[in-house]
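Here the structure comes first, spelled out in structure tokens, and everything after it is commentary.
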Amino acid sequence: MIELVVTVLLLSIVGVIMMTFLVSAVSTTARGSTDAEVEKRIQLAMRPMTAFIRSATQISAAYPTSSTCPVSSYPIGYRNCLSFTIARPQNGQLSCPKSLIVVGLRAGVLRMERTDYGVVNGSCAVANVTTGYPLVTGVNNGATPLFTYFDTFGNQLNPGAVGQTTTPFVRAMVVRVALNVEYKSGAPLLRYTSDLAVRNNR
């Protein structure tokens with residue numbers, strides 16, 4: 001009887017250990033699959049923004065200021081908001097058609113504004129406007145800037161740094177985009193980072 005009890009007890013312990021291992025393995029696999037799926041969704045959502053940034057001929061002729069993003073509801077400055085123009089010149093029209101793009105982080109949502117201009121009766125006029133289009137939700141960057149900028153040598157451009165206050169952003173060759181995304185309440189932050197070369201670097 002004692003041997004039977006001991007055997008049952010040992011089998012129970014082994015069963016509990018195996019069950020714990022299986023539950024942990026299934027949980028880890030499910031979490032990995034979820035993270036991979038969410039990362040894929042983020043990449044798909046970021047495609048319009050990344051394509052636009054890569055199409056920019058330059059970020060800015062000078063350091064962005066408080067007027068970096070003209071839409072008042074976006075944050076001030078170059079760290080979490082970026083405004084730039086994509087030129088699509090035609091014969092006889094060097095400044096039109098074009099698109100004005102604004103991308104900014106606002107209340108945990110990465111949003112995009114787009115204003116397209118076309119030639120109407122010889123003048124450049126607004127043809128289409130997209131306002132507040134959400135790209136990614138659940139963004140929790142904290143103190144991490146959404147955008148950082150680098151020159152052709154890999155040096156970070158920072159208007160707050162000594163000696164860089166007059167360096168024009170025309171030297172910005174790469175824009176780094178960094179997002180910390182919480183895909184559901186209580187889930188760990190999923191970090192997404194991408195380095196985008198602007199058109200004048202290709």
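Letters A, B, ... mark the chains of the structure tokens in the order given; residue numbers begin at 1 per chain; ligand numbers begin at 1, in order shown.
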message = Could you list, as a list in words, every residue within 12 Å of segment 129-133 of chain A, counting only C-alpha atoms and ignoring same-chain residues fewer than 6 positions away?
response = Ala45, Met46, Pro48, Met49, Val71, Ser72, Ser73, Tyr74, Ser99, Leu100, Ile101, Val102, Val103, Gly104, Leu105, Arg106, Val109, Leu110, Arg111, Met112, Glu113, Arg114, Thr115, Asp116, Tyr117 and Gly118 of chain A
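Distances to Arg88 of chain A were evaluated for A:Ala127, A:Ser55, A:Gly108, A:Leu189 using only C-alpha atoms, and the minimum falls at A:Ser55.
Candidate residues A:Leu94, A:Val38, A:Ala56, A:Ala107 were compared for distance to Glu182 of chain A, and the nearest is A:Val38, using only C-alpha atoms.
What separates atom CA of Gly154 of chain A from atom CA of Leu196 of chain A is a distance of 12.4 Å.
With only C-alpha atoms as the atoms that count, the minimum distance from Asn140 of chain A to the choices A:Ser123, A:Asn180, A:Asn128, A:Thr152 is reached by A:Asn180.
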Report as a CSV table (one decimal) with C-alpha atoms, in the first residue's frame: the residues of segment 63-180 of chain A with a DSSP assignment of strand (DSSP E), based on the backbone of this structure.
```csv
chain,number,residue,atom,x,y,z
A,81,CYS,CA,5.7,65.6,-35.7
A,82,LEU,CA,7.0,66.0,-39.3
A,83,SER,CA,5.8,68.2,-42.1
A,84,PHE,CA,7.3,67.9,-45.6
A,85,THR,CA,6.4,68.3,-49.3
A,86,ILE,CA,6.6,65.7,-52.1
A,87,ALA,CA,7.1,67.5,-55.4
A,98,LYS,CA,2.7,68.3,-55.1
A,99,SER,CA,1.6,66.8,-51.8
A,100,LEU,CA,2.0,68.3,-48.3
A,101,ILE,CA,2.3,65.5,-45.7
A,102,VAL,CA,2.0,65.9,-42.0
A,103,VAL,CA,2.7,62.9,-39.7
A,104,GLY,CA,2.4,63.3,-35.9
A,105,LEU,CA,1.9,61.5,-32.7
A,106,ARG,CA,-1.2,62.7,-30.9
A,109,VAL,CA,-2.4,57.7,-32.1
A,110,LEU,CA,0.0,58.1,-35.0
A,111,ARG,CA,-2.0,60.2,-37.5
A,112,MET,CA,-1.4,61.5,-41.0
A,113,GLU,CA,-2.7,64.6,-42.9
A,114,ARG,CA,-2.3,64.9,-46.6
A,115,THR,CA,-3.1,67.8,-49.0
A,116,ASP,CA,-2.7,67.2,-52.7
A,117,TYR,CA,-2.2,70.1,-55.1
A,118,GLY,CA,-2.8,70.0,-58.8
A,119,VAL,CA,-2.7,72.5,-61.7
A,120,VAL,CA,-6.0,74.2,-62.4
A,123,SER,CA,-2.5,77.8,-61.0
A,124,CYS,CA,-1.6,75.3,-58.2
A,125,ALA,CA,-4.8,74.5,-56.3
A,126,VAL,CA,-5.9,72.1,-53.7
A,127,ALA,CA,-7.2,68.9,-55.3
A,128,ASN,CA,-7.7,66.6,-52.3
A,129,VAL,CA,-7.5,66.7,-48.5
A,130,THR,CA,-7.2,63.9,-46.0
A,131,THR,CA,-7.4,64.9,-42.4
A,132,GLY,CA,-6.5,62.9,-39.2
A,133,TYR,CA,-6.0,59.6,-40.9
A,134,PRO,CA,-5.0,57.1,-38.1
A,135,LEU,CA,-2.0,54.9,-39.0
A,136,VAL,CA,-1.2,53.2,-35.6
A,147,PHE,CA,11.5,60.8,-35.3
A,148,THR,CA,15.3,61.2,-35.1
A,149,TYR,CA,17.4,62.5,-38.0
A,150,PHE,CA,20.9,61.6,-39.3
A,156,GLN,CA,22.4,62.6,-35.4
A,157,LEU,CA,21.1,66.0,-36.2
A,174,VAL,CA,17.9,59.2,-42.9
A,175,VAL,CA,14.8,59.5,-40.7
A,176,ARG,CA,14.5,56.9,-37.9
A,177,VAL,CA,11.0,56.1,-36.9
A,178,ALA,CA,10.5,54.5,-33.4
A,179,LEU,CA,7.2,53.3,-32.0
A,180,ASN,CA,6.4,51.6,-28.7
```
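Atom CA of Asp195 of chain A sits 15.6 Å away from atom CA of Leu44 of chain A.
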So that I can check the surroundings of Met173 of chain A, please list as a list in words every protein, DNA and RNA residue that reaches within 10 Å of it, counting only C-alpha atoms and ignoring chain neighbours fewer than 6 positions away. Arg54, Thr57, Gln58, Ile59, Tyr149, Phe150, Asp151, Thr152, Phe153, Gly154, Leu196, Ala197, Val198, Arg199, Asn200, Asn201 and Arg202 of chain A
_Excluding Arg41 of chain A and its own-chain neighbours fewer than 6 positions away, which residues fall within 12 Å of it when counting only C-alpha atoms? Please give them as number ranges by chain._
A: 34-35, 47, 135-137, 181, 183, 190, 192
Shortest contact to Val139 of chain A, candidates A:Val16, A:Ile42, A:Ala61, A:Val5, atoms counted only C-alpha atoms, goes to A:Ile42
